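Step one of this worksheet: look at the structure below.
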Amino acid sequence: HDAAEAMTLTVTVTPAHEDENGDTQVLTDLAGSATVEVGPSGTGVGDSTKDGDTDNVNAQTDNTPPPADYSALKAKIKGYADEQASDSDHARRWMRVLATLGDQDAIADGHDPMKASEARGYADRGWTRWDEVVEALTELESRQAAQAEPEPEPDPAPAACVSDELEADVTAWSQETGKGDDHVERWLRVLHTFKGTANDSTIMLSSEARQYVDKGWTRWVEVRDAIACLEEQALRQAMSR
């Protein structure tokens, strides 16, 4: 249907059949209607609705921009594509633009869509035909970006609380057997805490490490900070569950 201006057409279909006596029985309960919006381009989009539904199923939401009409541009591009053989680079470029603009024949032929950036490269060569193509593809990409749902950002990876250098130092300190069993045991507890293998009786808490810092044992400053970092991460993980 070609229309000079936009209009809405509604078609109602009511099924009927003849009963055993030859009388026509109208099945009004099964009646349905289809609403079709027809624009100047001669195309329409319709959705079937049951009688009694008063909502306009084709209405645009306030946040959805109306679809752009590229029919005039596509007609030009089809003419450009026909200027040379279909297997020429010239024709393939224009068919790719048609595919991007939703031309079903170009899509069915397997032509890859064209980005606005590529079209801009042709326009920059002085090929003036491509100016309006750049404008159309840029607008189309903007619409697609606005309508696309943002992907959820992945949770940031937890910061490394224990550096490789610190773990190597603690391993070396735990082997200083000449400084006594208590000395070795403390550093072994730190190692287990770093690796997450400590139990309730062997884990080293930051509060205990702070006591050794307060004694002036400078080795423990970095250890205290690392354990405090691990404790904070564990707390955040527990609260996120």
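Note on naming: chains are A, B, ... as they come in the structure tokens, residues start from 1 per chain, ligands start from 1 in the order shown.
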| message | List the spatial neighbours of region 120-131 of chain A as a ChimeraX atom specification - criterion: any atom at most 12 Å away, only C-alpha atoms, same-chain residues fewer than 6 positions off excluded. | response | /A:73,76-77,79-80,90,93-94,97,114,137-138
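Distance annotation: of A:Ala198, A:Met95, A:Ser240, A:Glu231, the residue with the minimal separation from Glu83 (chain A) is A:Met95; atom set is only C-alpha atoms.
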| said: Quick check, in Å to one decimal: how far apart do CA of Cys161 (chain A) and CA of Glu176 (chain A) lie? | reply: 24.1 Å
Close residues, Leu230 (chain A) itself excluded, 12 Å, only C-alpha atoms, min 3 positions apart in chain, as a CSV table (one decimal) with all heavy atoms, in the first residue's frame:
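Final output, saved to out.csv:
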chain,number,residue,atom,x,y,z
A,158,PRO,N,41.1,-8.5,42.9
A,158,PRO,CA,41.6,-8.0,44.2
A,158,PRO,C,43.1,-7.7,44.1
A,158,PRO,O,43.9,-8.4,43.4
A,158,PRO,CB,41.4,-9.2,45.2
A,158,PRO,CG,41.3,-10.4,44.3
A,158,PRO,CD,40.7,-9.9,43.0
A,159,ALA,N,43.5,-6.6,44.7
A,159,ALA,CA,44.9,-6.2,44.7
A,159,ALA,C,45.8,-7.3,45.4
A,159,ALA,O,45.3,-8.0,46.4
A,159,ALA,CB,45.1,-4.9,45.4
A,160,ALA,N,47.0,-7.5,44.9
A,160,ALA,CA,47.9,-8.4,45.6
A,160,ALA,C,48.4,-7.9,46.9
A,160,ALA,O,49.1,-6.9,46.9
A,160,ALA,CB,49.0,-8.7,44.6
A,161,CYS,N,48.0,-8.5,48.0
A,161,CYS,CA,48.4,-8.0,49.3
A,161,CYS,C,49.8,-8.4,49.6
A,161,CYS,O,50.5,-7.7,50.4
A,161,CYS,CB,47.4,-8.6,50.4
A,161,CYS,SG,45.7,-8.0,50.2
A,162,VAL,N,50.2,-9.6,49.1
A,162,VAL,CA,51.5,-10.1,49.4
A,162,VAL,C,52.4,-10.1,48.2
A,162,VAL,O,52.0,-10.8,47.2
A,162,VAL,CB,51.4,-11.5,50.0
A,162,VAL,CG1,52.8,-12.0,50.5
A,162,VAL,CG2,50.4,-11.5,51.2
A,190,VAL,N,53.0,-16.9,59.6
A,190,VAL,CA,52.8,-15.8,58.6
A,190,VAL,C,52.7,-16.4,57.2
A,190,VAL,O,51.8,-16.0,56.5
A,190,VAL,CB,54.0,-14.8,58.7
A,190,VAL,CG1,53.9,-13.8,57.5
A,190,VAL,CG2,54.0,-14.0,60.0
A,193,THR,N,49.4,-18.0,56.7
A,193,THR,CA,48.4,-16.9,56.6
A,193,THR,C,48.4,-16.3,55.2
A,193,THR,O,47.4,-16.1,54.6
A,193,THR,CB,48.6,-15.8,57.7
A,193,THR,OG1,48.6,-16.4,59.0
A,193,THR,CG2,47.6,-14.7,57.6
A,194,PHE,N,49.6,-16.1,54.7
A,194,PHE,CA,49.7,-15.5,53.3
A,194,PHE,C,49.1,-16.5,52.3
A,194,PHE,O,48.5,-16.1,51.3
A,194,PHE,CB,51.2,-15.3,53.0
A,194,PHE,CG,51.8,-14.1,53.6
A,194,PHE,CD1,53.2,-13.8,53.4
A,194,PHE,CD2,51.1,-13.2,54.3
A,194,PHE,CE1,53.7,-12.7,54.0
A,194,PHE,CE2,51.6,-12.1,54.9
A,194,PHE,CZ,53.0,-11.8,54.7
A,195,LYS,N,49.3,-17.8,52.5
A,195,LYS,CA,48.9,-18.8,51.5
A,195,LYS,C,47.5,-19.3,51.8
A,195,LYS,O,46.9,-20.0,51.0
A,195,LYS,CB,49.9,-20.0,51.6
A,195,LYS,CG,51.3,-19.6,51.1
A,195,LYS,CD,52.2,-20.9,51.2
A,195,LYS,CE,53.6,-20.5,50.8
A,195,LYS,NZ,54.5,-21.7,50.8
A,196,GLY,N,46.9,-18.8,52.8
A,196,GLY,CA,45.5,-19.2,53.1
A,196,GLY,C,45.4,-20.6,53.7
A,196,GLY,O,44.3,-21.2,53.6
A,203,ILE,N,46.7,-19.2,62.5
A,203,ILE,CA,46.6,-18.0,61.7
A,203,ILE,C,47.3,-16.8,62.5
A,203,ILE,O,47.2,-16.6,63.7
A,203,ILE,CB,45.2,-17.6,61.4
A,203,ILE,CG1,45.1,-16.5,60.3
A,203,ILE,CG2,44.4,-17.2,62.6
A,203,ILE,CD1,43.7,-16.3,59.7
A,204,MET,N,47.9,-15.9,61.7
A,204,MET,CA,48.5,-14.7,62.3
A,204,MET,C,47.6,-13.5,61.9
A,204,MET,O,47.3,-13.3,60.7
A,204,MET,CB,49.9,-14.5,61.7
A,204,MET,CG,50.6,-13.1,62.0
A,204,MET,SD,51.2,-13.1,63.7
A,204,MET,CE,52.6,-14.2,63.6
A,205,LEU,N,47.1,-12.8,62.9
A,205,LEU,CA,46.2,-11.7,62.7
A,205,LEU,C,47.1,-10.4,62.7
A,205,LEU,O,48.2,-10.4,63.2
A,205,LEU,CB,45.2,-11.6,63.8
A,205,LEU,CG,44.2,-12.8,64.0
A,205,LEU,CD1,43.3,-12.6,65.2
A,205,LEU,CD2,43.4,-13.0,62.7
A,206,SER,N,46.5,-9.4,62.0
A,206,SER,CA,47.3,-8.1,61.9
A,206,SER,C,47.5,-7.5,63.3
A,206,SER,O,48.5,-6.8,63.5
A,206,SER,CB,46.5,-7.2,61.0
A,206,SER,OG,45.2,-6.9,61.5
A,223,VAL,N,54.8,-6.9,57.0
A,223,VAL,CA,54.0,-8.0,57.2
A,223,VAL,C,52.6,-7.6,57.8
A,223,VAL,O,51.6,-8.2,57.4
A,223,VAL,CB,54.7,-9.0,58.2
A,223,VAL,CG1,53.8,-10.2,58.6
A,223,VAL,CG2,56.0,-9.5,57.5
A,224,ARG,N,52.7,-6.7,58.8
A,224,ARG,CA,51.4,-6.2,59.3
A,224,ARG,C,50.5,-5.7,58.3
A,224,ARG,O,49.3,-5.9,58.2
A,224,ARG,CB,51.7,-5.1,60.4
A,224,ARG,CG,50.5,-4.4,61.0
A,224,ARG,CD,50.9,-3.0,61.5
A,224,ARG,NE,51.4,-2.2,60.4
A,224,ARG,CZ,52.1,-1.0,60.6
A,224,ARG,NH1,52.2,-0.6,61.9
A,224,ARG,NH2,52.5,-0.3,59.6
A,225,ASP,N,51.0,-4.8,57.4
A,225,ASP,CA,50.2,-4.2,56.3
A,225,ASP,C,49.6,-5.3,55.4
A,225,ASP,O,48.5,-5.2,54.9
A,225,ASP,CB,51.0,-3.2,55.5
A,225,ASP,CG,51.5,-2.0,56.4
A,225,ASP,OD1,50.8,-1.8,57.4
A,225,ASP,OD2,52.4,-1.3,56.0
A,226,ALA,N,50.4,-6.3,55.0
A,226,ALA,CA,49.9,-7.3,54.1
A,226,ALA,C,48.8,-8.1,54.8
A,226,ALA,O,47.8,-8.4,54.1
A,226,ALA,CB,51.1,-8.3,53.8
A,227,ILE,N,49.0,-8.5,56.0
A,227,ILE,CA,47.9,-9.3,56.7
A,227,ILE,C,46.6,-8.4,56.8
A,227,ILE,O,45.5,-8.9,56.7
A,227,ILE,CB,48.4,-9.8,58.1
A,227,ILE,CG1,49.6,-10.8,57.9
A,227,ILE,CG2,47.3,-10.4,58.9
A,227,ILE,CD1,50.2,-11.2,59.2
A,233,GLN,N,40.2,-7.8,52.5
A,233,GLN,CA,39.6,-8.5,51.3
A,233,GLN,C,38.7,-9.6,51.7
A,233,GLN,O,37.6,-9.8,51.1
A,233,GLN,CB,40.8,-9.2,50.5
A,233,GLN,CG,41.5,-8.1,49.6
A,233,GLN,CD,42.5,-8.8,48.7
A,233,GLN,OE1,42.7,-10.0,48.7
A,233,GLN,NE2,43.2,-8.0,47.9
A,234,ALA,N,39.0,-10.4,52.8
A,234,ALA,CA,38.1,-11.4,53.3
A,234,ALA,C,36.8,-10.9,53.8
A,234,ALA,O,35.7,-11.5,53.6
A,234,ALA,CB,38.8,-12.2,54.4
A,235,LEU,N,36.9,-9.7,54.4
A,235,LEU,CA,35.7,-9.1,54.9
A,235,LEU,C,34.8,-8.6,53.7
A,235,LEU,O,33.5,-8.8,53.8
A,235,LEU,CB,36.0,-7.9,55.8
A,235,LEU,CG,34.8,-7.1,56.4
A,235,LEU,CD1,34.0,-8.0,57.2
A,235,LEU,CD2,35.4,-5.9,57.1
A,236,ARG,N,35.4,-8.1,52.7
A,236,ARG,CA,34.6,-7.6,51.6
A,236,ARG,C,33.9,-8.8,50.9
A,236,ARG,O,32.7,-8.7,50.4
A,236,ARG,CB,35.5,-6.9,50.6
A,236,ARG,CG,35.9,-5.5,51.0
A,236,ARG,CD,36.8,-4.8,50.0
A,236,ARG,NE,37.2,-3.5,50.4
A,236,ARG,CZ,38.0,-2.7,49.7
A,236,ARG,NH1,38.5,-3.2,48.6
A,236,ARG,NH2,38.3,-1.5,50.2
A,237,GLN,N,34.6,-9.9,50.7
A,237,GLN,CA,34.1,-11.1,50.1
A,237,GLN,C,32.9,-11.7,50.9
A,237,GLN,O,31.9,-12.1,50.4
A,237,GLN,CB,35.1,-12.2,49.9
A,237,GLN,CG,36.2,-11.8,48.9
A,237,GLN,CD,37.3,-12.8,48.8
A,237,GLN,OE1,37.3,-13.8,49.5
A,237,GLN,NE2,38.3,-12.6,47.9
| task | Write out as an NGL selection string which residues come within 10 Å of Ser71 (chain A) when counting only C-alpha atoms, dropping same-chain ones fewer than 3 positions away. | result | :A and (41 or 68 or 74-77 or 101 or 103)
| query | Separation of CA of Cys229 (chain A) and CA of Ala172 (chain A), in Å? | reply | 21.9 Å
| remark: Using only C-alpha atoms, the best pick from A:Asp181, A:Tyr70, A:Thr197, A:Arg189 as closest to Val133 (chain A) would be A:Tyr70
| field | Expected answer as an MDAnalysis selection string: alpha helix (DSSP H) residues in region 78-169 of chain A | value | chainID A and resid 78:81 89:100 104:108 116:123 130:147 164:169
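Candidate residues A:Arg143, A:Asp214, A:Val221, A:His183 were compared for distance to Leu166 (chain A), and the nearest is A:Val221, using only C-alpha atoms.
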| Residue among A:Asp69, A:Glu167, A:Trp220, A:Glu232 lying closest to Glu139 (chain A), counting only C-alpha atoms | A:Asp69
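Closest approach to Lys115 (chain A) from the set A:Ala85, A:Ala91, A:Ala209, A:Leu140 is made by A:Leu140, with distances taken over only C-alpha atoms.
One finds CA of Trp173 (chain A) at 6.6 Å from CA of Trp187 (chain A).
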| note | Using only C-alpha atoms, the residue out of A:Ala228, A:Glu132, A:Arg92, A:Gln147 with shortest distance to Pro113 (chain A) is A:Arg92
